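Q: Can you read through this structure? Questions will come right after.
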Amino acid sequence: MIFKWDGHTHTKFCYHGNPAEQPLYLDRAIELGFQRYTISEHPPLPEQWVADPELMAELAMPLEELPVYLAYAEEMKKRYEERLEVTVGLEMDYLHGREDFSNELLERYGGRLEDVLVSVHYLPGRGGIRCLDYKADDFRDGLLSYYGTMDAVVNEYYNHVEQAIEWAAALPMRKRLGHVQLIEKFREALPPIDPELVERRLAGLLPKLEAAGLGIDVNVAGLRVPTCGQAYAPQSFLAACAERGIPLVYGSDTHKPEHVGADWAWFEAAVGGLKR
């Protein structure tokens, strides 16, 4: 029997998400039989991290809201303690060149966190830092034109993933690598990627994940993205992780209440027979 845990979720503090209050998410999780639910919002970003001010406003909460978010999550944990295990977390972005910003946030607030996802959403590109999962046209203009080929973008992405794992190794709380294959979000709208390259780079992550004590966010959000149509973790990679004892945790990546529990059946089928 698989422990029913949603390890990647968002809240009203996500400005590209939904303003629904947390009980709508948690009540739905209880209805679906979940035993643990991790609240893992995006933390603040450095000022002008991306050049587009409208996009910047959507990406993360302002710095002054972080303690408000944590208090809100802690309140939900206490309110639901007899019905659902709620854990307080963040989805920390790996900020290449600004690790100091993340380190300062964690030094101040890390003691209040039970779960941390470490994700790569940003790469250097045309005009500065670009958000790799914003829009297909933005990816094409800001990243593909900058690196020249999709395979070059993919290589740079996995370079950043490796750096993210190295950075996360020192974190003391329970931790996972977020949506390891997010780079393929727009795979149906962009030139093809060499699958052998992806397979090789994913295989290279395995000893690094094991050494750093990171689990994997088995993120199903790609299944509901028209330009992706697949989970952000391939079956062969999940099997290899399981062989090494790397934890595999379902992640709905919910941004609105109806996403809670999405594609749980896919996850159950994908990992149910694996050595875990």
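Every chain in the structure tokens has a letter given in the order shown (A, B, ...), and although residue numbers restart at 1 in each chain, ligands are simply numbered from 1 in the order shown.
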For Glu74 (chain A), please output as a ChimeraX atom specification all residues within 12 Å (counting only C-alpha atoms; exclusion window: fewer than 6 positions along the same chain).
A: /A:22,38-40,67-68,80-81,85-89,112-114
Q: Could you pull the residues within 8 Å of Gly178 (chain A), counting only C-alpha atoms, minus those fewer than 3 positions along the same chain, as a PyMOL selection string?
A: chain A and resi 91+117-120+216-219
Q: Generate the output file for the selected residues, all heavy atoms, as a PDB file, in the first residue's frame.
A:
```pdb
ATOM      1  N   GLU A  91       8.960  25.745  -1.990  1.00  0.00           N
ATOM      2  CA  GLU A  91       9.623  25.292  -3.218  1.00  0.00           C
ATOM      3  C   GLU A  91      10.728  26.293  -3.519  1.00  0.00           C
ATOM      4  O   GLU A  91      10.499  27.320  -4.150  1.00  0.00           O
ATOM      5  CB  GLU A  91       8.647  25.194  -4.393  1.00  0.00           C
ATOM      6  CG  GLU A  91       9.333  24.670  -5.647  1.00  0.00           C
ATOM      7  CD  GLU A  91       8.434  24.562  -6.856  1.00  0.00           C
ATOM      8  OE1 GLU A  91       7.273  25.019  -6.797  1.00  0.00           O
ATOM      9  OE2 GLU A  91       8.907  24.039  -7.884  1.00  0.00           O
ATOM     10  N   LEU A 117      11.300  21.651  -1.432  1.00  0.00           N
ATOM     11  CA  LEU A 117      11.558  21.228  -2.812  1.00  0.00           C
ATOM     12  C   LEU A 117      12.583  22.187  -3.385  1.00  0.00           C
ATOM     13  O   LEU A 117      12.508  23.401  -3.151  1.00  0.00           O
ATOM     14  CB  LEU A 117      10.278  21.296  -3.642  1.00  0.00           C
ATOM     15  CG  LEU A 117       9.232  20.241  -3.297  1.00  0.00           C
ATOM     16  CD1 LEU A 117       7.870  20.868  -3.175  1.00  0.00           C
ATOM     17  CD2 LEU A 117       9.218  19.154  -4.345  1.00  0.00           C
ATOM     18  N   VAL A 118      13.532  21.676  -4.120  1.00  0.00           N
ATOM     19  CA  VAL A 118      14.529  22.510  -4.781  1.00  0.00           C
ATOM     20  C   VAL A 118      14.333  22.346  -6.283  1.00  0.00           C
ATOM     21  O   VAL A 118      14.451  21.241  -6.815  1.00  0.00           O
ATOM     22  CB  VAL A 118      15.961  22.116  -4.368  1.00  0.00           C
ATOM     23  CG1 VAL A 118      16.979  22.994  -5.085  1.00  0.00           C
ATOM     24  CG2 VAL A 118      16.128  22.240  -2.858  1.00  0.00           C
ATOM     25  N   SER A 119      13.997  23.456  -6.948  1.00  0.00           N
ATOM     26  CA  SER A 119      13.615  23.395  -8.362  1.00  0.00           C
ATOM     27  C   SER A 119      14.428  24.371  -9.191  1.00  0.00           C
ATOM     28  O   SER A 119      14.880  25.403  -8.700  1.00  0.00           O
ATOM     29  CB  SER A 119      12.126  23.743  -8.509  1.00  0.00           C
ATOM     30  OG  SER A 119      11.313  22.832  -7.817  1.00  0.00           O
ATOM     31  N   VAL A 120      14.588  24.022 -10.458  1.00  0.00           N
ATOM     32  CA  VAL A 120      15.224  24.918 -11.421  1.00  0.00           C
ATOM     33  C   VAL A 120      14.142  25.436 -12.369  1.00  0.00           C
ATOM     34  O   VAL A 120      13.585  24.673 -13.156  1.00  0.00           O
ATOM     35  CB  VAL A 120      16.337  24.210 -12.215  1.00  0.00           C
ATOM     36  CG1 VAL A 120      16.910  25.136 -13.286  1.00  0.00           C
ATOM     37  CG2 VAL A 120      17.442  23.737 -11.273  1.00  0.00           C
ATOM     38  N   ILE A 216      12.853  12.559  -4.920  1.00  0.00           N
ATOM     39  CA  ILE A 216      12.365  13.042  -6.220  1.00  0.00           C
ATOM     40  C   ILE A 216      10.883  13.400  -6.119  1.00  0.00           C
ATOM     41  O   ILE A 216      10.067  12.625  -5.615  1.00  0.00           O
ATOM     42  CB  ILE A 216      12.563  11.970  -7.318  1.00  0.00           C
ATOM     43  CG1 ILE A 216      14.033  11.897  -7.707  1.00  0.00           C
ATOM     44  CG2 ILE A 216      11.721  12.249  -8.553  1.00  0.00           C
ATOM     45  CD1 ILE A 216      14.564  13.141  -8.416  1.00  0.00           C
ATOM     46  N   ASP A 217      10.566  14.589  -6.590  1.00  0.00           N
ATOM     47  CA  ASP A 217       9.190  15.033  -6.765  1.00  0.00           C
ATOM     48  C   ASP A 217       8.670  14.402  -8.053  1.00  0.00           C
ATOM     49  O   ASP A 217       9.055  14.813  -9.149  1.00  0.00           O
ATOM     50  CB  ASP A 217       9.205  16.570  -6.856  1.00  0.00           C
ATOM     51  CG  ASP A 217       7.910  17.170  -7.377  1.00  0.00           C
ATOM     52  OD1 ASP A 217       6.835  16.676  -6.995  1.00  0.00           O
ATOM     53  OD2 ASP A 217       7.995  18.160  -8.144  1.00  0.00           O
ATOM     54  N   VAL A 218       7.839  13.377  -7.905  1.00  0.00           N
ATOM     55  CA  VAL A 218       7.264  12.716  -9.087  1.00  0.00           C
ATOM     56  C   VAL A 218       6.078  13.576  -9.507  1.00  0.00           C
ATOM     57  O   VAL A 218       4.936  13.350  -9.135  1.00  0.00           O
ATOM     58  CB  VAL A 218       6.854  11.264  -8.790  1.00  0.00           C
ATOM     59  CG1 VAL A 218       6.384  10.579 -10.075  1.00  0.00           C
ATOM     60  CG2 VAL A 218       8.020  10.500  -8.180  1.00  0.00           C
ATOM     61  N   ASN A 219       6.400  14.563 -10.303  1.00  0.00           N
ATOM     62  CA  ASN A 219       5.490  15.664 -10.586  1.00  0.00           C
ATOM     63  C   ASN A 219       4.619  15.344 -11.790  1.00  0.00           C
ATOM     64  O   ASN A 219       5.117  15.120 -12.897  1.00  0.00           O
ATOM     65  CB  ASN A 219       6.327  16.924 -10.843  1.00  0.00           C
ATOM     66  CG  ASN A 219       5.513  18.185 -10.855  1.00  0.00           C
ATOM     67  OD1 ASN A 219       4.670  18.374 -11.729  1.00  0.00           O
ATOM     68  ND2 ASN A 219       5.775  19.064  -9.906  1.00  0.00           N
TER      69      ASN A 219
END
```
Q: Skipping near chain neighbours, those fewer than 4 positions away, what residues fall within 12 Å of Ala270 (chain A) using only C-alpha atoms, listed as a PyMOL selection string?
A: chain A and resi 2+218-220+231+233-239+242+248-250+263-266+274-276
Q: Show me, as a ChimeraX atom specification, the residues that have an atom within 12 Å of Asp138 (chain A) when counting only C-alpha atoms, minus same-chain residues fewer than 3 positions from it.
A: /A:52,55,125-127,129-135,141-146,186,189-190
Q: Please determine, counting only C-alpha atoms, which residue among A:Lys77, A:Leu66, A:Ala203, A:Asp27 has the shortest atom-to-atom distance to Arg108 (chain A).
A: A:Leu66
Q: Show me, as a PyMOL selection string, the residues that have an atom within 9 Å of region 197-202 of chain A when counting only C-alpha atoms, minus same-chain residues fewer than 3 positions from it.
A: chain A and resi 151+154-155+158-159+180-181+193-194+205-206+236-237
Q: For Ser252 (chain A), find every residue with an atom within 7 Å (counting only C-alpha atoms), except residues of its own chain fewer than 6 positions away, and show them as a ChimeraX atom specification.
A: /A:6,8-9,219-221,259-262
Q: Save out the residues we just selected, N, CA, C and O atoms, as a short mmCIF file (atom, residue, chain, number, x, y, z; two decimals), in the first residue's frame.
A:
```
data_model
loop_
_atom_site.label_atom_id
_atom_site.label_comp_id
_atom_site.auth_asym_id
_atom_site.auth_seq_id
_atom_site.Cartn_x
_atom_site.Cartn_y
_atom_site.Cartn_z
N ASP A 6 0.80 14.05 -0.89
CA ASP A 6 1.02 15.05 -1.94
C ASP A 6 2.13 15.96 -1.46
O ASP A 6 1.97 16.75 -0.53
N HIS A 8 3.89 18.32 -3.24
CA HIS A 8 4.18 19.56 -3.99
C HIS A 8 2.85 20.26 -4.27
O HIS A 8 2.09 19.84 -5.15
N THR A 9 2.58 21.32 -3.52
CA THR A 9 1.32 22.04 -3.68
C THR A 9 1.52 23.54 -3.51
O THR A 9 2.50 23.99 -2.90
N ASN A 219 6.40 14.56 -10.30
CA ASN A 219 5.49 15.66 -10.59
C ASN A 219 4.62 15.34 -11.79
O ASN A 219 5.12 15.12 -12.90
N VAL A 220 3.31 15.32 -11.56
CA VAL A 220 2.37 14.93 -12.61
C VAL A 220 1.80 16.11 -13.40
O VAL A 220 0.98 15.91 -14.30
N ALA A 221 2.23 17.33 -13.09
CA ALA A 221 1.63 18.50 -13.73
C ALA A 221 1.77 18.48 -15.25
O ALA A 221 0.90 18.98 -15.96
N HIS A 259 -6.96 20.66 -8.71
CA HIS A 259 -5.76 19.91 -9.05
C HIS A 259 -5.37 18.90 -7.97
O HIS A 259 -4.54 18.01 -8.22
N VAL A 260 -5.89 19.04 -6.76
CA VAL A 260 -5.50 18.15 -5.67
C VAL A 260 -5.79 16.69 -6.06
O VAL A 260 -6.88 16.36 -6.51
N GLY A 261 -4.78 15.86 -5.95
CA GLY A 261 -4.94 14.45 -6.27
C GLY A 261 -4.92 14.12 -7.75
O GLY A 261 -5.14 12.96 -8.13
N ALA A 262 -4.64 15.11 -8.59
CA ALA A 262 -4.67 14.89 -10.03
C ALA A 262 -3.71 13.77 -10.44
O ALA A 262 -2.56 13.73 -9.99
#
```
